[in-house]
Amino acid sequence: MKVLVLANFGMGLYNFRKELLEELIKQNNDVYISLPKDEYVPKLKSLGCKFVDIHLDRRGTNPLTEFKLLLNYIKLIKSIGPDVVLTYTIKPNVYGGLACRLSNVPYIANITGLGTAVENRGVLQKVTLFLYKISLKKAKCVFFQNRDNKEFLTEQKIIKGNYKILPGSGVNLEHYSLLDYPPDDNINFLFISRVMKEKGIDQYLDAATYIKKKYPNTAFHIVGFCEETYEDKLKEMQNKGIIIYHGKQNDVREFHKISHCTVHPTYYPEGMSNVLLESAACGRPIITTNRSGCREIVDEAINGFVVQQKNSKDLIAKIEKFISLSYEKKKRLGLSGRNKVETEFNRQIIVEAYKEQIINI
């Protein structure tokens with residue numbers, strides 16, 4: 001059969017859906033992927049995917065541009081003639097879903113997070129929910145990555161048909177294998193994310209400033225693309241020896257090797273944090289916020305700690321609590337995290353869920 005996958009960027013598709021794509025190709029399906037061309041497209045093509053370039057502005061709200069995307073999706077579906085379409089992230093879900101509905105083609109949507117447009121009340125939220133309602137109405141299945149997103153959209157009467165909750169995107173337990181826990185003569189904390197306000201970078205920097213002064217044997221690492229707003233601040237804090245900024249990296253496992261704990265104080269509305277899943281899979285304790293997409297991965301004091309959103313004092317307190325633990329206790333937190341993802345977040349669970357839905361189309 002022909003399977004068309006609509007996504008907004010290659011990195012997410014390759015890093016989080018590769019195993020599904022490989023399985024679909026292994027079963028002799030023709031797999032087409034449509035997204036804006038980027039550095040991950042050659043990797044996706046090497047898997048056996050057939051690539052179709054499409055312009056998509058991930059954050060734009062221009063009605064004319066959005067309508068053009070809808071028309072392009074309709075043309076794409078007409079030219080390929082897929083038996084099923086898989087959509088990921090907001091715009092492919094909305095406009096891809098609507099194009100499928102208008103073209104009478106079966107489709108499966110994945111709610112990878114509701115985004116700030118839905119999280120923040122106002123006109124944009126109402127418009128987005130309306131678009132969700134008309135685009136997801138005929139979906140064969142809607143996959144959610146956390147219970148809160150499911151409850152919100154069902155309470156709003158956006159989703160009425162077949163839906164299921166998945167354990168996020170899951171994690172490849174072979175790629176993110178259990179790593180040896182490093183000696184803790186110096187304790188390394190790790191922030192992995194796009195450096196932006198909603199990912200909790202301000203709280204992390206506040207904590208680094210306080211903790212580094214009180215505990216000189218600590219180090220605060222940052223890995224990820226830095227938005228222009230924070231460039232000068234990171235340079236200044238690095239020059240003062242408070243943080244170590246490594247920029248954007250292709251393989252974060254090298255940083256997990258030296259890390260004792262991943263700190264992820266995000267309040268961004270995501271489906272399920274891949275940063276936390278990958279960290280736990282590597283055997284690293286985690287400190288994160290008490291919000292959907294994060295708290296599901298933490299068993300308090302078993303494999304990490306939960307903090308209040310936007311609360312630097314609470315984050316500092318939990319980091320100090322972690323520092324006070326014995327080496328063996330820190331290590332046990334990491335091993336418990338590995339056990340948790342093996343049981344609850346194996347990516348093969350997601351692959352099997354998709355296979356089940358596609359077979360029934």
# chains A, B, ... in the order shown; residues from 1 in each chain; ligands from 1
$ residues_around --residues "Lys318 of chain A" --least-positions-apart "3" --cutoff "12 Å" --atoms "only C-alpha atoms" --output "MDAnalysis selection string"
chainID A and resid 204 207 211 261 263 265 285:289 300:301 304:308 311:315 321:325
$ write_last_selection --atoms "N, CA and C atoms" --output "mmCIF file, in the first residue's frame"
data_model
loop_
_atom_site.group_PDB
_atom_site.id
_atom_site.type_symbol
_atom_site.label_atom_id
_atom_site.label_comp_id
_atom_site.auth_asym_id
_atom_site.auth_seq_id
_atom_site.Cartn_x
_atom_site.Cartn_y
_atom_site.Cartn_z
ATOM 1 N N TYR A 204 16.730 27.659 34.895
ATOM 2 C CA TYR A 204 17.983 26.894 34.904
ATOM 3 C C TYR A 204 19.171 27.815 35.174
ATOM 4 N N ALA A 207 19.191 28.882 38.792
ATOM 5 C CA ALA A 207 19.687 27.794 39.634
ATOM 6 C C ALA A 207 21.196 27.643 39.502
ATOM 7 N N ILE A 211 23.621 27.778 42.678
ATOM 8 C CA ILE A 211 24.267 26.505 43.053
ATOM 9 C C ILE A 211 25.770 26.550 42.824
ATOM 10 N N CYS A 261 22.781 14.305 36.021
ATOM 11 C CA CYS A 261 21.350 14.603 36.140
ATOM 12 C C CYS A 261 20.925 15.541 35.011
ATOM 13 N N VAL A 263 18.315 18.326 33.833
ATOM 14 C CA VAL A 263 17.377 19.309 34.395
ATOM 15 C C VAL A 263 16.563 19.890 33.243
ATOM 16 N N PRO A 265 13.376 22.204 33.111
ATOM 17 C CA PRO A 265 12.324 22.974 33.783
ATOM 18 C C PRO A 265 11.329 23.624 32.821
ATOM 19 N N PRO A 285 19.223 10.372 36.267
ATOM 20 C CA PRO A 285 18.122 10.967 37.034
ATOM 21 C C PRO A 285 17.631 12.232 36.336
ATOM 22 N N ILE A 286 16.378 12.606 36.571
ATOM 23 C CA ILE A 286 15.807 13.783 35.919
ATOM 24 C C ILE A 286 15.109 14.679 36.933
ATOM 25 N N ILE A 287 15.223 15.980 36.694
ATOM 26 C CA ILE A 287 14.483 16.984 37.463
ATOM 27 C C ILE A 287 13.691 17.790 36.448
ATOM 28 N N THR A 288 12.365 17.799 36.598
ATOM 29 C CA THR A 288 11.534 18.459 35.598
ATOM 30 C C THR A 288 10.275 19.030 36.236
ATOM 31 N N THR A 289 9.467 19.682 35.422
ATOM 32 C CA THR A 289 8.290 20.393 35.928
ATOM 33 C C THR A 289 7.066 19.497 36.056
ATOM 34 N N GLU A 300 8.438 10.410 41.763
ATOM 35 C CA GLU A 300 9.112 11.291 42.715
ATOM 36 C C GLU A 300 10.032 10.529 43.666
ATOM 37 N N ALA A 301 11.290 10.979 43.685
ATOM 38 C CA ALA A 301 12.338 10.420 44.545
ATOM 39 C C ALA A 301 12.710 8.978 44.183
ATOM 40 N N GLY A 304 13.778 10.593 39.989
ATOM 41 C CA GLY A 304 14.026 12.023 39.833
ATOM 42 C C GLY A 304 13.116 12.843 40.725
ATOM 43 N N PHE A 305 13.013 14.135 40.398
ATOM 44 C CA PHE A 305 12.207 15.054 41.202
ATOM 45 C C PHE A 305 11.390 15.966 40.299
ATOM 46 N N VAL A 306 10.224 16.377 40.803
ATOM 47 C CA VAL A 306 9.328 17.279 40.077
ATOM 48 C C VAL A 306 9.317 18.634 40.763
ATOM 49 N N VAL A 307 9.322 19.711 39.966
ATOM 50 C CA VAL A 307 9.308 21.068 40.515
ATOM 51 C C VAL A 307 8.121 21.843 39.950
ATOM 52 N N GLN A 308 7.785 22.928 40.617
ATOM 53 C CA GLN A 308 6.721 23.805 40.141
ATOM 54 C C GLN A 308 7.206 24.589 38.921
ATOM 55 N N ASN A 311 9.403 28.303 38.709
ATOM 56 C CA ASN A 311 9.747 28.526 40.112
ATOM 57 C C ASN A 311 11.219 28.200 40.342
ATOM 58 N N SER A 312 12.071 29.222 40.296
ATOM 59 C CA SER A 312 13.511 29.029 40.451
ATOM 60 C C SER A 312 13.875 28.512 41.842
ATOM 61 N N LYS A 313 13.170 28.987 42.863
ATOM 62 C CA LYS A 313 13.468 28.560 44.236
ATOM 63 C C LYS A 313 13.219 27.062 44.406
ATOM 64 N N ASP A 314 12.109 26.597 43.847
ATOM 65 C CA ASP A 314 11.795 25.172 43.950
ATOM 66 C C ASP A 314 12.826 24.342 43.186
ATOM 67 N N LEU A 315 13.237 24.844 42.041
ATOM 68 C CA LEU A 315 14.250 24.140 41.252
ATOM 69 C C LEU A 315 15.573 24.065 42.016
ATOM 70 N N LYS A 321 18.721 19.036 46.876
ATOM 71 C CA LYS A 321 18.324 17.725 47.402
ATOM 72 C C LYS A 321 19.059 16.613 46.659
ATOM 73 N N PHE A 322 19.190 16.783 45.351
ATOM 74 C CA PHE A 322 19.910 15.793 44.551
ATOM 75 C C PHE A 322 21.386 15.760 44.937
ATOM 76 N N ILE A 323 21.995 16.916 45.091
ATOM 77 C CA ILE A 323 23.413 17.001 45.445
ATOM 78 C C ILE A 323 23.675 16.294 46.776
ATOM 79 N N SER A 324 22.725 16.396 47.701
ATOM 80 C CA SER A 324 22.914 15.827 49.046
ATOM 81 C C SER A 324 22.846 14.290 49.065
ATOM 82 N N LEU A 325 22.348 13.696 47.992
ATOM 83 C CA LEU A 325 22.225 12.239 47.947
ATOM 84 C C LEU A 325 23.608 11.584 47.846
#
$ closest_atom_pairs --of "segment 97-197 of chain A" --to "segment 214-227 of chain A" --cutoff "7 Å" --atoms "only C-alpha atoms" --output "JSON lines"
{"residue": "A:Asn186", "atom": "CA", "partner": "A:Asn217", "partner_atom": "CA", "distance": 4.8}
{"residue": "A:Ile187", "atom": "CA", "partner": "A:Thr218", "partner_atom": "CA", "distance": 4.7}
{"residue": "A:Asn188", "atom": "CA", "partner": "A:Ala219", "partner_atom": "CA", "distance": 4.8}
{"residue": "A:Phe189", "atom": "CA", "partner": "A:Phe220", "partner_atom": "CA", "distance": 4.9}
{"residue": "A:Leu190", "atom": "CA", "partner": "A:His221", "partner_atom": "CA", "distance": 4.8}
{"residue": "A:Phe191", "atom": "CA", "partner": "A:Ile222", "partner_atom": "CA", "distance": 4.8}
{"residue": "A:Ile192", "atom": "CA", "partner": "A:Val223", "partner_atom": "CA", "distance": 4.8}
{"residue": "A:Ser193", "atom": "CA", "partner": "A:Gly224", "partner_atom": "CA", "distance": 5.0}
{"residue": "A:Arg194", "atom": "CA", "partner": "A:Gly224", "partner_atom": "CA", "distance": 4.9}
{"residue": "A:Val195", "atom": "CA", "partner": "A:Cys226", "partner_atom": "CA", "distance": 4.6}
{"residue": "A:Met196", "atom": "CA", "partner": "A:Glu227", "partner_atom": "CA", "distance": 6.1}
$ write_last_selection --atoms "N, CA and C atoms" --output "compact mmCIF listing (two decimals), in the first residue's frame"
# COMPACT_ATOMS: atom_id res chain seq x y z
N ASN A 186 33.04 15.83 40.69
CA ASN A 186 32.35 17.03 40.19
C ASN A 186 30.99 16.59 39.67
N ILE A 187 29.95 17.33 40.02
CA ILE A 187 28.58 16.94 39.63
C ILE A 187 28.14 17.78 38.44
N ASN A 188 27.84 17.10 37.33
CA ASN A 188 27.45 17.78 36.10
C ASN A 188 25.95 17.72 35.88
N PHE A 189 25.34 18.89 35.75
CA PHE A 189 23.93 18.99 35.39
C PHE A 189 23.83 19.35 33.92
N LEU A 190 22.77 18.85 33.28
CA LEU A 190 22.65 18.98 31.83
C LEU A 190 21.27 19.51 31.43
N PHE A 191 21.27 20.57 30.66
CA PHE A 191 20.06 21.14 30.06
C PHE A 191 20.14 20.88 28.57
N ILE A 192 19.20 20.09 28.03
CA ILE A 192 19.18 19.80 26.59
C ILE A 192 17.86 20.32 26.03
N SER A 193 17.95 21.35 25.21
CA SER A 193 16.73 21.89 24.63
C SER A 193 17.08 23.11 23.78
N ARG A 194 16.15 23.52 22.98
CA ARG A 194 16.25 24.83 22.35
C ARG A 194 16.28 25.86 23.47
N VAL A 195 17.23 26.76 23.41
CA VAL A 195 17.36 27.76 24.48
C VAL A 195 16.33 28.86 24.24
N MET A 196 15.19 28.72 24.92
CA MET A 196 14.10 29.67 24.80
C MET A 196 13.36 29.74 26.12
$ residues_around --residues "Phe144 of chain A" --least-positions-apart "3" --cutoff "12 Å" --atoms "only C-alpha atoms" --output "VMD selection string"
chain A and resid 88 to 89 108 to 114 141 147 to 154 159 162 to 169 270 to 272 292 to 293 350 353
$ closest_residue --among "A:Leu234, A:Ile243, A:Leu173, A:Leu13" --to "Thr343 of chain A" --atoms "only C-alpha atoms"
A:Leu173
$ atom_distance --atom1 "atom CA of Tyr40 of chain A" --atom2 "atom CA of Ser279 of chain A"
22.4 Å
$ residues_around --residues "Glu352 of chain A" --least-positions-apart "5" --cutoff "10 Å" --atoms "only C-alpha atoms" --output "PyMOL selection string"
chain A and resi 20+23+347+357-358
$ atom_distance --atom1 "atom CA of Leu124 of chain A" --atom2 "atom CA of Asn274 of chain A"
26.8 Å
$ closest_residue --among "A:Asn360, A:Pro63, A:Thr262, A:Tyr245" --to "Val127 of chain A" --atoms "only C-alpha atoms"
A:Pro63
$ decode --residues "segment 9-33 of chain A" --atoms "N, CA and C atoms" --output "compact mmCIF listing (two decimals), in the first residue's frame"
# COMPACT_ATOMS: atom_id res chain seq x y z
N PHE A 9 9.14 19.00 10.07
CA PHE A 9 10.59 19.07 9.90
C PHE A 9 11.21 17.69 10.01
N GLY A 10 12.37 17.54 9.35
CA GLY A 10 12.98 16.23 9.22
C GLY A 10 13.56 15.66 10.49
N MET A 11 14.08 16.52 11.35
CA MET A 11 14.72 16.05 12.58
C MET A 11 13.77 15.23 13.43
N GLY A 12 12.57 15.74 13.64
CA GLY A 12 11.60 15.01 14.45
C GLY A 12 11.18 13.71 13.81
N LEU A 13 10.99 13.74 12.49
CA LEU A 13 10.57 12.53 11.78
C LEU A 13 11.65 11.46 11.85
N TYR A 14 12.91 11.85 11.67
CA TYR A 14 14.00 10.88 11.68
C TYR A 14 14.30 10.37 13.09
N ASN A 15 14.37 11.27 14.04
CA ASN A 15 14.77 10.88 15.40
C ASN A 15 13.68 10.14 16.16
N PHE A 16 12.41 10.45 15.88
CA PHE A 16 11.33 9.90 16.70
C PHE A 16 10.39 8.94 15.96
N ARG A 17 10.45 8.89 14.62
CA ARG A 17 9.55 8.01 13.85
C ARG A 17 10.30 7.04 12.94
N LYS A 18 11.62 7.04 13.02
CA LYS A 18 12.44 6.23 12.11
C LYS A 18 12.04 4.76 12.16
N GLU A 19 11.85 4.23 13.36
CA GLU A 19 11.54 2.81 13.50
C GLU A 19 10.21 2.45 12.84
N LEU A 20 9.24 3.35 12.91
CA LEU A 20 7.96 3.12 12.25
C LEU A 20 8.13 3.13 10.73
N LEU A 21 8.88 4.11 10.23
CA LEU A 21 9.12 4.19 8.79
C LEU A 21 9.83 2.93 8.29
N GLU A 22 10.83 2.48 9.04
CA GLU A 22 11.57 1.27 8.67
C GLU A 22 10.64 0.05 8.62
N GLU A 23 9.75 -0.05 9.60
CA GLU A 23 8.83 -1.18 9.65
C GLU A 23 7.85 -1.15 8.48
N LEU A 24 7.35 0.03 8.15
CA LEU A 24 6.42 0.15 7.02
C LEU A 24 7.09 -0.22 5.71
N ILE A 25 8.34 0.21 5.53
CA ILE A 25 9.09 -0.12 4.32
C ILE A 25 9.42 -1.61 4.27
N LYS A 26 9.76 -2.16 5.43
CA LYS A 26 10.06 -3.59 5.53
C LYS A 26 8.86 -4.44 5.08
N GLN A 27 7.66 -3.93 5.30
CA GLN A 27 6.44 -4.65 4.92
C GLN A 27 6.04 -4.38 3.47
N ASN A 28 7.00 -3.83 2.68
CA ASN A 28 6.82 -3.60 1.24
C ASN A 28 5.79 -2.52 0.91
N ASN A 29 5.62 -1.56 1.82
CA ASN A 29 4.79 -0.40 1.54
C ASN A 29 5.62 0.66 0.85
N ASP A 30 4.99 1.44 -0.01
CA ASP A 30 5.64 2.63 -0.58
C ASP A 30 5.41 3.78 0.40
N VAL A 31 6.49 4.28 0.99
CA VAL A 31 6.37 5.32 2.01
C VAL A 31 6.84 6.66 1.44
N TYR A 32 5.92 7.61 1.38
CA TYR A 32 6.22 8.96 0.92
C TYR A 32 6.25 9.88 2.14
N ILE A 33 7.21 10.80 2.16
CA ILE A 33 7.26 11.78 3.25
C ILE A 33 7.22 13.18 2.62
